[in-house]
Amino acid sequence: MISLIKEVARGKRGARDLTYEEAMQGAEAILTQTATPAQIGAFLVAERIKMESSDELRAFTDALRARCLPYPMEGSFDCAGPYDGRTRSFIATLPTAFVLAACGLPAVLHGSPSLPPKWGVTLTDVLQALHIPVLDASREALTAAADRTGFLFAPTERWCPPLGELRAIRQELALRTVFNTAEKLLRFTNARHMAMGVFHGTVFEKISQLLIDIGVTSGIVVQGMEGSEDLSVEKRTRTYVIRDGVSELFIVDPELYELQVEMPEGEWTTELQAQTTLAVLRGEAELPYLNMVLLNSAVRLWIGQKAGSIEEGLYMARHAIEQGKALQTFQAWSEALKPVSAS
């Protein structure tokens with residue numbers, strides 16, 4: 001491990017990217033904790049300063065996936081957002097997932113309790129506030145609920161135990177590490193369709209190629225709200241769309257679909273996230289949040305090949321909400337997890 005640290009910690013001019021094999025060696029040392037806490041911290045900080053290469057990200061993702069508990073779902077759509085949560089925007093991906101499932105596109109969300117650097121509100125926080133104890137639910141209960149409804153939530157640190165074991169050191173470092181990207185790429189269902197959020201537009205091509213390399217055949221990389229996979233309805237959003245091994249820039253303009261609207265400003269608490277999620281599914285939400293879910297659902301239905309166009313996806317999403325199908329899917333899923341038991 002020391003030799004790897006020397007290569008990545010020589011400063012901006014002297015540091016070099018590791019090969020895939022070298023990065024895999026480092027990942028194995030960290031995940032098995034044969035490296036000491038000091039060595040793990042030094043490596044992660046050095047990588048953060050240097051910035052991870054595609055080979056390094058792929059190696060850490062592969063090493064984590066080898067330790068995951070997968071649950072294949074044919075034709076599923078993986079929605080991968082930031083595990084450090086949100087503080088300034090609505091987590092539209094949650095109600096969007098139930099819209100997708102109601103439209104016949106199996107949807108997957110995954111997450112864990114909040115992490116640095118943001119320490120924001122996470123999916124697990126919101127689901128707990130909705131009285132759905134996903135962190136305590138058994139794997140059997142979660143997969144049975146997915147079979148029944150077409151929606152799966154995977155508690156990442158239980159389905160990929162090494163990430164739970166590394167939580168303490170990540171909290172102590174309190175900065176973004178290679179794991180902030182790798183944990184979003186685990187694809188517990190082996191999904192071929194995927195939406196992934198990025199914070200910086202400079203990583204579009206790197207992340208798009210990485211998705212192609214790990215087996216995503218139809219996907220979208222979004223420079224979304226707070227680095228999430230959620231498209232804005234307030235302004236245009238830059239994305240890269242992946243189709244059959246090729247990625248290209250695609251601008252999503254909410255005005256084209258008559259969905260553009262100004263978003264209210266404010267701090268998003270866990271309780272407000274939960275209330276707004278239910279309001280959207282009930283068809284009672286304020287226009288900005290309804291439009292946000294409609295746009296994100298429409299684009300993902302198109303990416304997931306359930307709709308021939310974004311316009312068709314918009315029609316399908318609106319129908320799923322207005323006819324109560326998305327709410328019924330959520331209710332069926334939540335009821336399937338009550339009562340739950342840990343295992």
# chains A, B, ... in the order shown; residues from 1 in each chain; ligands from 1
>>> select_by_dssp(residues="range 165-311 of chain A", states="alpha helix (DSSP H)", output="mmCIF file with C-alpha atoms, in the first residue's frame")
data_model
loop_
_atom_site.group_PDB
_atom_site.id
_atom_site.type_symbol
_atom_site.label_atom_id
_atom_site.label_comp_id
_atom_site.auth_asym_id
_atom_site.auth_seq_id
_atom_site.Cartn_x
_atom_site.Cartn_y
_atom_site.Cartn_z
ATOM 1 C CA GLU A 165 -17.190 -0.921 7.689
ATOM 2 C CA ARG A 167 -18.183 4.615 7.366
ATOM 3 C CA ALA A 168 -16.184 5.686 10.453
ATOM 4 C CA ILE A 169 -13.058 6.651 8.525
ATOM 5 C CA ARG A 170 -15.128 8.460 5.880
ATOM 6 C CA GLN A 171 -16.814 10.445 8.613
ATOM 7 C CA GLU A 172 -13.457 11.351 10.148
ATOM 8 C CA LEU A 173 -12.043 12.498 6.806
ATOM 9 C CA VAL A 178 -13.479 7.770 -4.524
ATOM 10 C CA PHE A 179 -16.281 5.966 -2.679
ATOM 11 C CA ASN A 180 -18.693 8.868 -3.252
ATOM 12 C CA THR A 181 -18.636 7.938 -6.931
ATOM 13 C CA ALA A 182 -18.114 4.173 -6.715
ATOM 14 C CA PHE A 204 -19.197 14.145 -18.116
ATOM 15 C CA GLU A 205 -17.089 12.222 -20.610
ATOM 16 C CA LYS A 206 -15.235 10.253 -17.936
ATOM 17 C CA ILE A 207 -18.414 9.150 -16.166
ATOM 18 C CA SER A 208 -20.258 8.445 -19.417
ATOM 19 C CA GLN A 209 -17.472 6.153 -20.588
ATOM 20 C CA LEU A 210 -17.372 4.494 -17.174
ATOM 21 C CA LEU A 211 -21.096 3.693 -17.400
ATOM 22 C CA ILE A 212 -20.560 2.168 -20.829
ATOM 23 C CA ASP A 213 -17.618 0.126 -19.524
ATOM 24 C CA THR A 270 -36.520 15.698 6.107
ATOM 25 C CA GLU A 271 -40.143 16.358 7.013
ATOM 26 C CA LEU A 272 -40.664 18.738 4.082
ATOM 27 C CA GLN A 273 -39.134 16.219 1.686
ATOM 28 C CA ALA A 274 -41.511 13.530 2.945
ATOM 29 C CA GLN A 275 -44.572 15.784 2.778
ATOM 30 C CA THR A 276 -43.763 16.930 -0.748
ATOM 31 C CA THR A 277 -43.142 13.377 -1.944
ATOM 32 C CA LEU A 278 -46.609 12.344 -0.757
ATOM 33 C CA ALA A 279 -48.189 15.495 -2.203
ATOM 34 C CA VAL A 280 -46.742 14.733 -5.636
ATOM 35 C CA LEU A 281 -47.943 11.134 -5.585
ATOM 36 C CA LEU A 287 -46.660 23.108 -9.608
ATOM 37 C CA PRO A 288 -42.833 23.309 -9.428
ATOM 38 C CA TYR A 289 -42.543 19.958 -7.663
ATOM 39 C CA LEU A 290 -45.159 18.233 -9.803
ATOM 40 C CA ASN A 291 -43.444 19.498 -12.949
ATOM 41 C CA MET A 292 -40.081 18.349 -11.665
ATOM 42 C CA VAL A 293 -41.322 14.797 -11.211
ATOM 43 C CA LEU A 294 -43.108 14.846 -14.562
ATOM 44 C CA LEU A 295 -39.957 15.954 -16.418
ATOM 45 C CA ASN A 296 -37.645 13.507 -14.688
ATOM 46 C CA SER A 297 -40.114 10.656 -15.155
ATOM 47 C CA ALA A 298 -40.605 11.471 -18.834
ATOM 48 C CA VAL A 299 -36.892 11.565 -19.605
ATOM 49 C CA ARG A 300 -36.194 8.329 -17.718
ATOM 50 C CA LEU A 301 -39.094 6.541 -19.415
ATOM 51 C CA TRP A 302 -37.540 7.598 -22.719
ATOM 52 C CA ILE A 303 -34.037 6.549 -21.666
ATOM 53 C CA ILE A 310 -39.892 12.535 -23.982
ATOM 54 C CA GLU A 311 -43.329 13.823 -25.008
#
>>> closest_atom_pairs(of="range 73-117 of chain A", to="range 127-133 of chain A", cutoff="12 Å", atoms="only C-alpha atoms", output="Markdown table")
| residue | atom | partner | partner_atom | distance |
| --- | --- | --- | --- | --- |
| A:Ile91 | CA | A:Leu127 | CA | 11.5 |
| A:Leu94 | CA | A:Leu127 | CA | 9.2 |
| A:Pro95 | CA | A:Leu127 | CA | 11.1 |
| A:Leu109 | CA | A:Leu127 | CA | 11.5 |
| A:His110 | CA | A:Leu127 | CA | 11.5 |
| A:Gly111 | CA | A:Leu127 | CA | 10.8 |
| A:Ser112 | CA | A:Leu127 | CA | 11.1 |
| A:Pro113 | CA | A:Gln128 | CA | 10.5 |
>>> residues_around(residues="Ile251 in chain A", least_positions_apart="4", cutoff="7 Å", atoms="only C-alpha atoms", output="count of residues only")
4
>>> residues_around(residues="Leu44 in chain A", least_positions_apart="5", cutoff="12 Å", atoms="only C-alpha atoms", output="PyMOL selection string")
chain A and resi 1+4-5+8-9+23+26-27+30+35+37-39+49-52+56+60+166+169-170+172-180
>>> write_last_selection(atoms="C-alpha atoms", output="PDB file, in the first residue's frame")
ATOM      1  CA  MET A   1       0.000   0.000   0.000  1.00  0.00           C
ATOM      2  CA  LEU A   4       0.762   3.064  -4.145  1.00  0.00           C
ATOM      3  CA  ILE A   5       0.499   6.022  -1.785  1.00  0.00           C
ATOM      4  CA  VAL A   8      -0.551   9.218  -5.971  1.00  0.00           C
ATOM      5  CA  ALA A   9       0.750  11.551  -3.257  1.00  0.00           C
ATOM      6  CA  ALA A  23      -5.918   0.608  -8.286  1.00  0.00           C
ATOM      7  CA  GLY A  26      -5.256  -0.505  -3.455  1.00  0.00           C
ATOM      8  CA  ALA A  27      -9.011  -1.143  -3.361  1.00  0.00           C
ATOM      9  CA  ILE A  30      -8.679  -0.828   1.772  1.00  0.00           C
ATOM     10  CA  ALA A  35      -4.075  -1.301   5.012  1.00  0.00           C
ATOM     11  CA  PRO A  37      -6.379   3.491   8.965  1.00  0.00           C
ATOM     12  CA  ALA A  38      -3.555   5.993   8.426  1.00  0.00           C
ATOM     13  CA  GLN A  39      -2.702   4.467   5.052  1.00  0.00           C
ATOM     14  CA  ILE A  49      -6.241  16.005  -4.561  1.00  0.00           C
ATOM     15  CA  LYS A  50      -5.062  14.245  -7.712  1.00  0.00           C
ATOM     16  CA  MET A  51      -8.627  13.430  -8.895  1.00  0.00           C
ATOM     17  CA  GLU A  52      -9.501   9.828  -9.671  1.00  0.00           C
ATOM     18  CA  GLU A  56      -9.169   3.962 -10.682  1.00  0.00           C
ATOM     19  CA  PHE A  60     -12.931   0.532  -6.927  1.00  0.00           C
ATOM     20  CA  LEU A 166     -15.538   2.156   6.143  1.00  0.00           C
ATOM     21  CA  ILE A 169     -13.058   6.651   8.525  1.00  0.00           C
ATOM     22  CA  ARG A 170     -15.128   8.460   5.880  1.00  0.00           C
ATOM     23  CA  GLU A 172     -13.457  11.351  10.148  1.00  0.00           C
ATOM     24  CA  LEU A 173     -12.043  12.498   6.806  1.00  0.00           C
ATOM     25  CA  ALA A 174     -15.211  14.527   6.144  1.00  0.00           C
ATOM     26  CA  LEU A 175     -14.445  14.995   2.462  1.00  0.00           C
ATOM     27  CA  ARG A 176     -15.447  13.506  -0.860  1.00  0.00           C
ATOM     28  CA  THR A 177     -13.537  10.341  -1.746  1.00  0.00           C
ATOM     29  CA  VAL A 178     -13.479   7.770  -4.524  1.00  0.00           C
ATOM     30  CA  PHE A 179     -16.281   5.966  -2.679  1.00  0.00           C
ATOM     31  CA  ASN A 180     -18.693   8.868  -3.252  1.00  0.00           C
TER      32      ASN A 180
END
>>> atom_distance(atom1="CA of Glu183 in chain A", atom2="CA of Thr61 in chain A")
7.2 Å
>>> atom_distance(atom1="CA of Gly104 in chain A", atom2="CA of Ser76 in chain A")
9.6 Å
>>> atom_distance(atom1="CA of Phe330 in chain A", atom2="CA of Cys68 in chain A")
25.9 Å
>>> closest_residue(among="A:Arg148, A:Gln223, A:Ala97, A:Pro162", to="Ile321 in chain A", atoms="only C-alpha atoms")
A:Ala97
>>> residues_around(residues="Leu135 in chain A", least_positions_apart="5", cutoff="12 Å", atoms="only C-alpha atoms", output="number ranges by chain")
A: 110-113, 123-128, 141-142, 153-159, 337, 340-343
>>> write_last_selection(atoms="C-alpha atoms", output="JSON list (two decimals), in the first residue's frame")
[["chain", "number", "residue", "atom", "x", "y", "z"],
["A", 110, "HIS", "CA", -30.19, 2.89, -3.16],
["A", 111, "GLY", "CA", -28.61, 4.87, -0.35],
["A", 112, "SER", "CA", -27.37, 5.03, 3.20],
["A", 113, "PRO", "CA", -27.52, 7.37, 6.19],
["A", 123, "LEU", "CA", -33.36, 8.89, 0.77],
["A", 124, "THR", "CA", -33.19, 6.79, 3.93],
["A", 125, "ASP", "CA", -34.05, 9.86, 6.02],
["A", 126, "VAL", "CA", -37.12, 10.60, 3.89],
["A", 127, "LEU", "CA", -38.32, 7.00, 3.88],
["A", 128, "GLN", "CA", -37.91, 6.80, 7.65],
["A", 141, "ALA", "CA", -38.90, -8.20, 2.60],
["A", 142, "LEU", "CA", -37.25, -5.66, 0.29],
["A", 153, "PHE", "CA", -34.78, 0.11, -2.45],
["A", 154, "ALA", "CA", -31.34, -1.25, -1.55],
["A", 155, "PRO", "CA", -29.74, -0.14, 1.75],
["A", 156, "THR", "CA", -26.23, 0.07, 0.39],
["A", 157, "GLU", "CA", -24.17, -0.47, 3.52],
["A", 158, "ARG", "CA", -26.05, -3.69, 4.29],
["A", 159, "TRP", "CA", -26.00, -4.99, 0.73],
["A", 337, "LEU", "CA", -42.57, -3.69, 4.27],
["A", 340, "VAL", "CA", -40.40, -5.74, 8.86],
["A", 341, "SER", "CA", -37.67, -7.69, 10.53],
["A", 342, "ALA", "CA", -33.91, -7.35, 10.25],
["A", 343, "SER", "CA", -31.74, -10.17, 9.00]]
>>> select_by_dssp(residues="range 156-204 of chain A", states="strand (DSSP E)", output="list in words")
His193, Met194, Ala195, Met196 and Gly197 of chain A
>>> write_last_selection(atoms="C-alpha atoms", output="short mmCIF file (atom, residue, chain, number, x, y, z; two decimals), in the first residue's frame")
data_model
loop_
_atom_site.label_atom_id
_atom_site.label_comp_id
_atom_site.auth_asym_id
_atom_site.auth_seq_id
_atom_site.Cartn_x
_atom_site.Cartn_y
_atom_site.Cartn_z
CA HIS A 193 -30.64 1.55 -17.86
CA MET A 194 -29.33 4.23 -15.52
CA ALA A 195 -29.51 7.89 -14.53
CA MET A 196 -26.53 9.24 -12.60
CA GLY A 197 -25.88 12.70 -11.23
#
>>> closest_residue(among="A:Leu57, A:Ala191, A:Leu249, A:Ala146", to="Phe98 in chain A", atoms="only C-alpha atoms")
A:Ala146
